[in-house]
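Structure, as structure tokens:
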Amino acid sequence: MTTTTQQARSLETVGLRKSFGGVHAVQDATVTFQPGRINAVIGPNGSGKTTFFNCVTGMIKPDSGTVTYRGETITRKAPHRIARAGIGRSFQLCRVFPRMTVLENLLVAVRRTGVVELLAGARNPEEIDRARALLVRVGIDHLEDTEARNLSYGQQKLLELAGVLMADPDTIMLDEPAGGVNPALIGRIATLVQELNAEGKTFIVVEHNMELVMSLSHHVIVFDRGRPIAEGSPDVVQTDPRVLEAYLGV
Amino acid sequence: MRNASDTRLPATTPAGSEEGGTTRSARWSRGRVARVAALVVCAVLVLSFPSMAPNAYILSAGIVVASYACTATAWNFMGGFTGYVSLGHAAFFGLGAYGTGILIRDLGLPSFVAWLLAGVLVLLVTIPLGIAALRVRGASFVIVSISFVLILLLVFQAWGSFTGGSDGLVVPRPFPDLLRPEHHRVFFYLFTALLAVMLLAWWLIDRSRFGTGLKAVREDEDKAQALGVPTRNYKLVAYVVSATFTALAGGMYALWFGDLDPIFQFSIMLGSYMVLMALFGGVRHLYGPLLGAVVVGVGLEYFKLEFGDTQLHLVATALLLGLVVLFMPDGIIPAAKALAKRFGPQDSSIREISAAELQERNLTASGTPSSTPSGTTTGRTVADDEGEDER
């Protein structure tokens, strides 16, 4: 991949702001994510990470500022347009379609345009094959016909990841992928992220598990009180005095 | 009689629904044969109903039930697919009915041309209306939908010079030469044909990619959007289709009944009946609203006949519905299916399947420990984790 295409693929925000009443959840967030790498967004609770996420993916409209993806402005676009531009996301508390089967959960993410395509049968053999391959990859292929609500929390996390992959995004934003899952599964998710990153997917991960963040990510951005205060490689960020202050209050 | 034939439907089609099939491929052919057979039996019974009806009252009650089935099925295009509960669908029923009547009266159009045109007009009106109403979700949407029917009720009552107001609007009969029983018979078939078209359309959407998107909206709208589903447009299309079919049912009712009154056409009760019938049968199922309409519709007519002098017929209706909501919250189709499953060949549950698979995998894994594919390993890990994760 050449430098120019990498440049064109990058996701960046300039001066992003969002307030809820008097609470300035995100203020002046100017962030450039590195394409083709695993970016991590960390910060204490309430530092605006998830709001920032939601502004980028269109779930919340920012008050001001811009978000650009591959040189194109995507600020305030509808979430489905941002998704179609190539940004996939997971949710903080894992969200799947509870009363659809595991396979149907994935079929939702298939892109469809035009009346004929929309009214065609949902069970397209090629798409089902692709969905099954993804289920094998995350390791829940044996649950294909199970309704998602009957899966364990860990299995739902894997299903959500598979759903995001089904839409074939270039950039994948994960909101606390390790939240609420056991260590074995955290390892599994980390391996998946690394494999997918090696295949060229850009990752932006919000995470509290420092061990995971430091071992997984190439580039770390630290949020505190709604704004990014430091960024750099995991080693650099770990020793940054501002970061230590934000986390430890020293 | 039609009631009895319809209740057999879910029992004879255990593999009917998409959601039901754990062993789909094994039972597919048998399920399909049973389903087609049940469909043919029901169709024959329904089509022979007018000739078997002992008197004109039973026949006209059958038409009322058929019109309920149409409206409940039409409602289910929105309520069943997207989960948006509209209590105000009577608005579209009334608009279709009055549209048909007024187009015949003022423009002198042939009855069925007016009927179709009224459907098209409601379709056009619903687009801006849907854009506005679908900005809100959940309880707010329910309230917006109710307010619309109440506004229309007031307008149609007050604007007497155009709508006939509370004096009513007489809609000329489309077949003036027919005697009353013949008239009933023709309209029974017309309603049935309309219902068949709706069922076909619902079935088509249900199995389509569009339908998958709509169901995703029902399950989790934000999530669907994050996966790239243009939820607003999907909901709007479902809303417009639902409203248009409801209007066509209303127009058909106007042509059959011949006399319209705002209090009956734009009534909260009618809108509630649609919801209750659909819920009763099961909103996730093609025949759910139809079945609900037959049971509730027959019940309503019976209660009116028995306790019509007092308000007891409403109490009896409420009691019936309360029982269903308490004991069969997903409707009678899933409940009947579950019952049929209990008496049928025992399927192993999900847990048992995964346990068996687990054992098998453990065996394979211990046999060839080094060459275990990564997917299998995870499958085991995840299944093992299950207990821990459950709080």
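Residue numbering restarts at 1 in every chain; chains get A, B, ... in the order shown in the structure tokens, and ligands count up from 1 in that same order.
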ask   = Counting only C-alpha atoms, which residues from chain A have an atom at most 7 Å from any atom of chain B, and could you show them as a PyMOL selection string?
value = chain A and resi 79-81+83-84+88-89+95+97-99+108-109+118-122+136-140+145+152-155+164+167
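Using only C-alpha atoms, the residues found no farther than 10 Å from Arg284 in chain B, other than those of its own chain fewer than 5 positions away, are Ser17, Glu18, Glu19, Asn76, Gly79, Gly80, Phe81, Gly83, Asp206, Lys215, Ala278, Leu279, Pro289, Asp330, Gly331, Ile333 and Pro334 of chain B.
Among A:Gln27, A:Ser47, A:Thr191, A:Asn124, the residue with the shortest atom-to-atom distance to Asp63 in chain A, counting only C-alpha atoms, is A:Gln27.
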query = Mind pulling up the distance from CA of Ser272 in chain B to CA of Trp115 in chain B?
reply =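 Between CA of Trp115 in chain B and CA of Ser272 in chain B the gap is 24.1 Å.
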Expected answer as a ChimeraX atom specification: strand (DSSP E) residues in range 168-355 of chain B = /B:169-170,259-260
query = Leaving out Ile82 in chain A and any residue of its chain fewer than 6 positions from it, which residues lie within 8 Å of it when counting only C-alpha atoms, given as an MDAnalysis selection string?
reply = (chainID A and resid 57:58 74) or (chainID B and resid 228)
Just to be explicit: take each residue in the selection above, keep N, CA and C atoms, and write the result as a PDB file, in the first residue's frame.
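again.pdb written:
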ATOM      1  N   THR A  57     -19.540   7.930  14.072  1.00  0.00           N
ATOM      2  CA  THR A  57     -20.362   6.980  13.311  1.00  0.00           C
ATOM      3  C   THR A  57     -21.764   7.501  13.020  1.00  0.00           C
ATOM      4  N   GLY A  58     -22.044   8.738  13.404  1.00  0.00           N
ATOM      5  CA  GLY A  58     -23.318   9.348  13.029  1.00  0.00           C
ATOM      6  C   GLY A  58     -24.472   9.030  13.950  1.00  0.00           C
ATOM      7  N   ILE A  74     -17.832  13.318   6.289  1.00  0.00           N
ATOM      8  CA  ILE A  74     -18.968  12.468   6.656  1.00  0.00           C
ATOM      9  C   ILE A  74     -19.674  13.002   7.896  1.00  0.00           C
TER      10      ILE A  74
ATOM     11  N   GLY B 228     -25.577  -0.510   8.082  1.00  0.00           N
ATOM     12  CA  GLY B 228     -25.774  -0.002   6.730  1.00  0.00           C
ATOM     13  C   GLY B 228     -27.185  -0.109   6.197  1.00  0.00           C
TER      14      GLY B 228
END
Every residue of range 37-237 of chain A that DSSP places in helix (DSSP H, G or I), as an mmCIF file with N, CA and C atoms, in the first residue's frame:
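The file below, result-v1.cif, is the result:
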data_model
loop_
_atom_site.group_PDB
_atom_site.id
_atom_site.type_symbol
_atom_site.label_atom_id
_atom_site.label_comp_id
_atom_site.auth_asym_id
_atom_site.auth_seq_id
_atom_site.Cartn_x
_atom_site.Cartn_y
_atom_site.Cartn_z
ATOM 1 N N LYS A 49 -15.104 9.099 25.395
ATOM 2 C CA LYS A 49 -14.694 8.186 24.339
ATOM 3 C C LYS A 49 -15.886 7.684 23.528
ATOM 4 N N THR A 50 -16.913 7.237 24.245
ATOM 5 C CA THR A 50 -18.062 6.677 23.538
ATOM 6 C C THR A 50 -18.844 7.757 22.797
ATOM 7 N N THR A 51 -18.954 8.937 23.381
ATOM 8 C CA THR A 51 -19.623 10.032 22.679
ATOM 9 C C THR A 51 -18.863 10.380 21.403
ATOM 10 N N PHE A 52 -17.546 10.387 21.526
ATOM 11 C CA PHE A 52 -16.703 10.640 20.359
ATOM 12 C C PHE A 52 -16.976 9.590 19.273
ATOM 13 N N PHE A 53 -17.017 8.358 19.685
ATOM 14 C CA PHE A 53 -17.341 7.243 18.802
ATOM 15 C C PHE A 53 -18.676 7.468 18.096
ATOM 16 N N ASN A 54 -19.655 7.843 18.906
ATOM 17 C CA ASN A 54 -20.996 8.010 18.355
ATOM 18 C C ASN A 54 -21.073 9.196 17.402
ATOM 19 N N CYS A 55 -20.274 10.228 17.644
ATOM 20 C CA CYS A 55 -20.236 11.365 16.724
ATOM 21 C C CYS A 55 -19.615 10.945 15.393
ATOM 22 N N VAL A 56 -18.568 10.143 15.466
ATOM 23 C CA VAL A 56 -17.889 9.713 14.241
ATOM 24 C C VAL A 56 -18.800 8.819 13.408
ATOM 25 N N PRO A 79 -26.184 7.351 9.955
ATOM 26 C CA PRO A 79 -25.313 6.219 10.301
ATOM 27 C C PRO A 79 -25.159 5.195 9.177
ATOM 28 N N HIS A 80 -26.257 4.942 8.442
ATOM 29 C CA HIS A 80 -26.133 3.903 7.415
ATOM 30 C C HIS A 80 -25.229 4.361 6.266
ATOM 31 N N ARG A 81 -25.186 5.684 6.032
ATOM 32 C CA ARG A 81 -24.290 6.179 4.976
ATOM 33 C C ARG A 81 -22.833 6.042 5.398
ATOM 34 N N ILE A 82 -22.597 6.337 6.675
ATOM 35 C CA ILE A 82 -21.231 6.204 7.184
ATOM 36 C C ILE A 82 -20.815 4.733 7.145
ATOM 37 N N ALA A 83 -21.765 3.867 7.492
ATOM 38 C CA ALA A 83 -21.474 2.436 7.431
ATOM 39 C C ALA A 83 -21.147 2.034 6.000
ATOM 40 N N ARG A 84 -21.906 2.559 5.061
ATOM 41 C CA ARG A 84 -21.683 2.189 3.664
ATOM 42 C C ARG A 84 -20.400 2.790 3.101
ATOM 43 N N VAL A 102 -28.555 -16.723 14.216
ATOM 44 C CA VAL A 102 -27.185 -16.247 14.049
ATOM 45 C C VAL A 102 -26.912 -15.933 12.578
ATOM 46 N N LEU A 103 -27.354 -16.828 11.708
ATOM 47 C CA LEU A 103 -27.120 -16.606 10.273
ATOM 48 C C LEU A 103 -27.863 -15.360 9.783
ATOM 49 N N GLU A 104 -29.127 -15.209 10.200
ATOM 50 C CA GLU A 104 -29.904 -14.039 9.780
ATOM 51 C C GLU A 104 -29.271 -12.746 10.274
ATOM 52 N N ASN A 105 -28.694 -12.804 11.471
ATOM 53 C CA ASN A 105 -27.991 -11.636 12.004
ATOM 54 C C ASN A 105 -26.941 -11.140 11.022
ATOM 55 N N LEU A 106 -26.250 -12.068 10.398
ATOM 56 C CA LEU A 106 -25.212 -11.662 9.457
ATOM 57 C C LEU A 106 -25.815 -11.176 8.145
ATOM 58 N N LEU A 107 -26.901 -11.820 7.713
ATOM 59 C CA LEU A 107 -27.479 -11.463 6.411
ATOM 60 C C LEU A 107 -28.005 -10.028 6.398
ATOM 61 N N VAL A 115 -34.659 -2.075 -6.372
ATOM 62 C CA VAL A 115 -35.870 -2.780 -5.974
ATOM 63 C C VAL A 115 -35.747 -4.281 -6.199
ATOM 64 N N VAL A 116 -35.186 -4.653 -7.359
ATOM 65 C CA VAL A 116 -35.096 -6.076 -7.698
ATOM 66 C C VAL A 116 -34.244 -6.804 -6.669
ATOM 67 N N GLU A 117 -33.108 -6.208 -6.336
ATOM 68 C CA GLU A 117 -32.205 -6.841 -5.383
ATOM 69 C C GLU A 117 -32.859 -6.927 -4.005
ATOM 70 N N LEU A 118 -33.620 -5.882 -3.673
ATOM 71 C CA LEU A 118 -34.245 -5.844 -2.352
ATOM 72 C C LEU A 118 -35.320 -6.904 -2.209
ATOM 73 N N LEU A 119 -36.038 -7.168 -3.308
ATOM 74 C CA LEU A 119 -37.139 -8.120 -3.208
ATOM 75 C C LEU A 119 -36.695 -9.543 -3.501
ATOM 76 N N PRO A 125 -27.336 -18.079 -1.787
ATOM 77 C CA PRO A 125 -26.320 -19.082 -1.428
ATOM 78 C C PRO A 125 -24.921 -18.488 -1.244
ATOM 79 N N GLU A 126 -24.550 -17.555 -2.107
ATOM 80 C CA GLU A 126 -23.209 -16.968 -1.989
ATOM 81 C C GLU A 126 -23.051 -16.209 -0.680
ATOM 82 N N GLU A 127 -24.087 -15.432 -0.360
ATOM 83 C CA GLU A 127 -24.018 -14.658 0.878
ATOM 84 C C GLU A 127 -24.007 -15.580 2.092
ATOM 85 N N ILE A 128 -24.790 -16.655 2.008
ATOM 86 C CA ILE A 128 -24.815 -17.602 3.128
ATOM 87 C C ILE A 128 -23.441 -18.250 3.288
ATOM 88 N N ASP A 129 -22.801 -18.567 2.172
ATOM 89 C CA ASP A 129 -21.465 -19.146 2.261
ATOM 90 C C ASP A 129 -20.498 -18.179 2.929
ATOM 91 N N ARG A 130 -20.601 -16.921 2.547
ATOM 92 C CA ARG A 130 -19.712 -15.912 3.116
ATOM 93 C C ARG A 130 -19.981 -15.764 4.618
ATOM 94 N N ALA A 131 -21.278 -15.764 4.968
ATOM 95 C CA ALA A 131 -21.643 -15.642 6.383
ATOM 96 C C ALA A 131 -21.109 -16.837 7.169
ATOM 97 N N ARG A 132 -21.245 -18.029 6.586
ATOM 98 C CA ARG A 132 -20.778 -19.226 7.287
ATOM 99 C C ARG A 132 -19.277 -19.178 7.493
ATOM 100 N N ALA A 133 -18.566 -18.699 6.480
ATOM 101 C CA ALA A 133 -17.110 -18.600 6.602
ATOM 102 C C ALA A 133 -16.744 -17.678 7.769
ATOM 103 N N LEU A 134 -17.502 -16.586 7.899
ATOM 104 C CA LEU A 134 -17.224 -15.662 9.003
ATOM 105 C C LEU A 134 -17.547 -16.301 10.355
ATOM 106 N N LEU A 135 -18.624 -17.080 10.388
ATOM 107 C CA LEU A 135 -18.986 -17.748 11.642
ATOM 108 C C LEU A 135 -17.917 -18.761 12.032
ATOM 109 N N VAL A 136 -17.370 -19.465 11.032
ATOM 110 C CA VAL A 136 -16.283 -20.400 11.308
ATOM 111 C C VAL A 136 -15.099 -19.622 11.866
ATOM 112 N N ARG A 137 -14.862 -18.487 11.264
ATOM 113 C CA ARG A 137 -13.704 -17.685 11.660
ATOM 114 C C ARG A 137 -13.789 -17.238 13.124
ATOM 115 N N VAL A 138 -14.993 -16.777 13.540
ATOM 116 C CA VAL A 138 -15.104 -16.346 14.935
ATOM 117 C C VAL A 138 -15.437 -17.518 15.856
ATOM 118 N N ASP A 141 -19.881 -21.199 14.331
ATOM 119 C CA ASP A 141 -20.604 -21.744 13.184
ATOM 120 C C ASP A 141 -21.574 -22.845 13.576
ATOM 121 N N HIS A 142 -21.324 -23.504 14.725
ATOM 122 C CA HIS A 142 -22.226 -24.576 15.145
ATOM 123 C C HIS A 142 -23.555 -24.013 15.668
ATOM 124 N N LEU A 143 -23.646 -22.698 15.798
ATOM 125 C CA LEU A 143 -24.868 -22.089 16.344
ATOM 126 C C LEU A 143 -25.695 -21.382 15.272
ATOM 127 N N ALA A 148 -30.297 -15.493 18.343
ATOM 128 C CA ALA A 148 -29.171 -14.814 18.993
ATOM 129 C C ALA A 148 -29.404 -14.627 20.489
ATOM 130 N N ARG A 149 -30.682 -14.513 20.906
ATOM 131 C CA ARG A 149 -30.952 -14.290 22.326
ATOM 132 C C ARG A 149 -30.575 -15.506 23.178
ATOM 133 N N ASN A 150 -30.431 -16.667 22.527
ATOM 134 C CA ASN A 150 -30.077 -17.865 23.286
ATOM 135 C C ASN A 150 -28.568 -18.069 23.403
ATOM 136 N N TYR A 153 -23.224 -14.355 26.534
ATOM 137 C CA TYR A 153 -22.749 -13.001 26.249
ATOM 138 C C TYR A 153 -21.499 -13.025 25.371
ATOM 139 N N GLY A 154 -20.593 -13.936 25.689
ATOM 140 C CA GLY A 154 -19.361 -14.034 24.907
ATOM 141 C C GLY A 154 -19.650 -14.398 23.456
ATOM 142 N N GLN A 155 -20.576 -15.333 23.270
ATOM 143 C CA GLN A 155 -20.942 -15.724 21.908
ATOM 144 C C GLN A 155 -21.588 -14.560 21.164
ATOM 145 N N GLN A 156 -22.383 -13.758 21.894
ATOM 146 C CA GLN A 156 -23.010 -12.596 21.254
ATOM 147 C C GLN A 156 -21.956 -11.590 20.811
ATOM 148 N N LYS A 157 -20.909 -11.442 21.621
ATOM 149 C CA LYS A 157 -19.811 -10.538 21.242
ATOM 150 C C LYS A 157 -19.184 -10.996 19.926
ATOM 151 N N LEU A 158 -18.954 -12.300 19.824
ATOM 152 C CA LEU A 158 -18.361 -12.846 18.603
ATOM 153 C C LEU A 158 -19.308 -12.673 17.425
ATOM 154 N N LEU A 159 -20.598 -12.869 17.694
ATOM 155 C CA LEU A 159 -21.593 -12.698 16.639
ATOM 156 C C LEU A 159 -21.606 -11.246 16.161
ATOM 157 N N GLU A 160 -21.523 -10.317 17.108
ATOM 158 C CA GLU A 160 -21.535 -8.915 16.717
ATOM 159 C C GLU A 160 -20.335 -8.598 15.825
ATOM 160 N N LEU A 161 -19.198 -9.139 16.198
ATOM 161 C CA LEU A 161 -17.989 -8.914 15.399
ATOM 162 C C LEU A 161 -18.163 -9.495 13.996
ATOM 163 N N ALA A 162 -18.723 -10.691 13.935
ATOM 164 C CA ALA A 162 -18.950 -11.313 12.624
ATOM 165 C C ALA A 162 -19.905 -10.469 11.789
ATOM 166 N N GLY A 163 -20.930 -9.895 12.444
ATOM 167 C CA GLY A 163 -21.887 -9.041 11.740
ATOM 168 C C GLY A 163 -21.214 -7.820 11.152
ATOM 169 N N VAL A 164 -20.334 -7.211 11.951
ATOM 170 C CA VAL A 164 -19.595 -6.047 11.462
ATOM 171 C C VAL A 164 -18.747 -6.444 10.254
ATOM 172 N N LEU A 165 -18.109 -7.601 10.329
ATOM 173 C CA LEU A 165 -17.245 -8.053 9.233
ATOM 174 C C LEU A 165 -18.048 -8.346 7.974
ATOM 175 N N MET A 166 -19.299 -8.802 8.167
ATOM 176 C CA MET A 166 -20.149 -9.162 7.027
ATOM 177 C C MET A 166 -20.362 -7.954 6.118
ATOM 178 N N PRO A 183 -11.180 -14.057 30.258
ATOM 179 C CA PRO A 183 -9.833 -13.914 29.697
ATOM 180 C C PRO A 183 -9.589 -14.747 28.441
ATOM 181 N N ALA A 184 -10.118 -15.973 28.416
ATOM 182 C CA ALA A 184 -9.879 -16.823 27.249
ATOM 183 C C ALA A 184 -10.442 -16.162 25.998
ATOM 184 N N LEU A 185 -11.635 -15.599 26.145
ATOM 185 C CA LEU A 185 -12.286 -14.991 24.994
ATOM 186 C C LEU A 185 -11.607 -13.675 24.613
ATOM 187 N N ILE A 186 -11.103 -12.950 25.600
ATOM 188 C CA ILE A 186 -10.362 -11.724 25.290
ATOM 189 C C ILE A 186 -9.181 -12.068 24.378
ATOM 190 N N GLY A 187 -8.493 -13.148 24.722
ATOM 191 C CA GLY A 187 -7.366 -13.582 23.903
ATOM 192 C C GLY A 187 -7.806 -13.895 22.484
ATOM 193 N N ARG A 188 -8.941 -14.567 22.376
ATOM 194 C CA ARG A 188 -9.480 -14.937 21.070
ATOM 195 C C ARG A 188 -9.812 -13.687 20.241
ATOM 196 N N ILE A 189 -10.437 -12.721 20.891
ATOM 197 C CA ILE A 189 -10.816 -11.493 20.185
ATOM 198 C C ILE A 189 -9.550 -10.738 19.752
ATOM 199 N N ALA A 190 -8.567 -10.684 20.645
ATOM 200 C CA ALA A 190 -7.324 -9.987 20.311
ATOM 201 C C ALA A 190 -6.659 -10.615 19.096
ATOM 202 N N THR A 191 -6.639 -11.953 19.070
ATOM 203 C CA THR A 191 -6.039 -12.638 17.927
ATOM 204 C C THR A 191 -6.774 -12.299 16.641
ATOM 205 N N LEU A 192 -8.110 -12.293 16.726
ATOM 206 C CA LEU A 192 -8.915 -11.962 15.544
ATOM 207 C C LEU A 192 -8.584 -10.560 15.042
ATOM 208 N N VAL A 193 -8.503 -9.617 15.983
ATOM 209 C CA VAL A 193 -8.220 -8.236 15.598
ATOM 210 C C VAL A 193 -6.866 -8.166 14.901
ATOM 211 N N GLN A 194 -5.890 -8.868 15.460
ATOM 212 C CA GLN A 194 -4.561 -8.832 14.846
ATOM 213 C C GLN A 194 -4.564 -9.462 13.463
ATOM 214 N N GLU A 195 -5.270 -10.590 13.323
ATOM 215 C CA GLU A 195 -5.350 -11.245 12.013
ATOM 216 C C GLU A 195 -5.994 -10.333 10.977
ATOM 217 N N LEU A 196 -7.095 -9.730 11.395
ATOM 218 C CA LEU A 196 -7.828 -8.873 10.460
ATOM 219 C C LEU A 196 -7.004 -7.640 10.105
ATOM 220 N N ASN A 197 -6.281 -7.122 11.079
ATOM 221 C CA ASN A 197 -5.423 -5.978 10.826
ATOM 222 C C ASN A 197 -4.329 -6.349 9.824
ATOM 223 N N ALA A 198 -3.807 -7.574 9.960
ATOM 224 C CA ALA A 198 -2.782 -8.028 9.023
ATOM 225 C C ALA A 198 -3.347 -8.126 7.613
ATOM 226 N N MET A 210 -6.082 -2.230 30.062
ATOM 227 C CA MET A 210 -4.802 -1.638 29.663
ATOM 228 C C MET A 210 -3.836 -2.660 29.096
ATOM 229 N N GLU A 211 -3.847 -3.831 29.716
ATOM 230 C CA GLU A 211 -2.964 -4.886 29.243
ATOM 231 C C GLU A 211 -3.220 -5.163 27.762
ATOM 232 N N LEU A 212 -4.516 -5.275 27.446
ATOM 233 C CA LEU A 212 -4.906 -5.555 26.068
ATOM 234 C C LEU A 212 -4.500 -4.405 25.158
ATOM 235 N N VAL A 213 -4.805 -3.189 25.584
ATOM 236 C CA VAL A 213 -4.507 -2.018 24.758
ATOM 237 C C VAL A 213 -3.015 -1.960 24.455
ATOM 238 N N MET A 214 -2.211 -2.138 25.477
ATOM 239 C CA MET A 214 -0.770 -1.973 25.301
ATOM 240 C C MET A 214 -0.176 -3.075 24.429
ATOM 241 N N SER A 215 -0.743 -4.284 24.525
ATOM 242 C CA SER A 215 -0.171 -5.361 23.720
ATOM 243 C C SER A 215 -0.696 -5.332 22.293
ATOM 244 N N LEU A 216 -1.895 -4.801 22.118
ATOM 245 C CA LEU A 216 -2.566 -4.905 20.816
ATOM 246 C C LEU A 216 -2.264 -3.733 19.890
ATOM 247 N N PRO A 234 2.251 2.912 22.336
ATOM 248 C CA PRO A 234 1.892 2.514 23.701
ATOM 249 C C PRO A 234 2.976 2.857 24.727
ATOM 250 N N ASP A 235 4.227 2.635 24.363
ATOM 251 C CA ASP A 235 5.316 2.891 25.309
ATOM 252 C C ASP A 235 5.385 4.362 25.683
ATOM 253 N N VAL A 236 5.273 5.209 24.660
ATOM 254 C CA VAL A 236 5.371 6.649 24.892
ATOM 255 C C VAL A 236 4.220 7.131 25.767
ATOM 256 N N VAL A 237 3.018 6.679 25.409
ATOM 257 C CA VAL A 237 1.832 7.144 26.122
ATOM 258 C C VAL A 237 1.864 6.722 27.595
#
key: Atom-to-atom span, CA of Gly297 in chain B and CA of Ser51 in chain B, Å   = 20.1 Å
query = Which polymer residues have any atom within 7 Å of an atom of Val67 in chain A, counting only C-alpha atoms, with same-chain residues fewer than 3 positions away left out, as a list in words?
reply = Glu12, Thr13, Val14, Val56, Thr73, Ile74 and Thr75 of chain A
Non-local contacts of Tyr239 in chain B (8 Å; only C-alpha atoms; under 4 positions in same chain excluded) as an mmCIF file with C-alpha atoms, in the first residue's frame:
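result.cif was written with the following content:
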data_model
loop_
_atom_site.group_PDB
_atom_site.id
_atom_site.type_symbol
_atom_site.label_atom_id
_atom_site.label_comp_id
_atom_site.auth_asym_id
_atom_site.auth_seq_id
_atom_site.Cartn_x
_atom_site.Cartn_y
_atom_site.Cartn_z
ATOM 1 C CA PHE B 77 -46.918 -4.921 7.190
ATOM 2 C CA MET B 78 -45.894 -2.179 9.609
ATOM 3 C CA THR B 126 -48.954 8.618 3.582
ATOM 4 C CA GLY B 130 -44.912 8.786 7.345
ATOM 5 C CA LYS B 235 -39.812 1.987 7.575
ATOM 6 C CA ALA B 243 -51.539 2.204 4.909
#
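Shell of Val186 in chain B at 10 Å, with only C-alpha atoms counted and residues fewer than 5 places along the chain excluded, is B:Pro50, B:Ile63, B:Phe175, B:Leu178, B:Arg180, B:Pro181, B:Phe191, B:Thr192, B:Trp256.
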Go ahead and save the picked residues with C-alpha atoms, as a CSV table (one decimal), in the first residue's frame.
chain,number,residue,atom,x,y,z
B,50,PRO,CA,-70.9,-18.4,1.1
B,63,ILE,CA,-67.7,-10.6,5.4
B,175,PHE,CA,-73.8,-3.9,-8.5
B,178,LEU,CA,-77.8,-7.9,-7.4
B,180,ARG,CA,-78.8,-8.8,-1.1
B,181,PRO,CA,-77.5,-12.4,-0.6
B,191,PHE,CA,-62.5,-9.4,0.4
B,192,THR,CA,-60.9,-12.8,0.1
B,256,TRP,CA,-70.1,-3.3,0.5
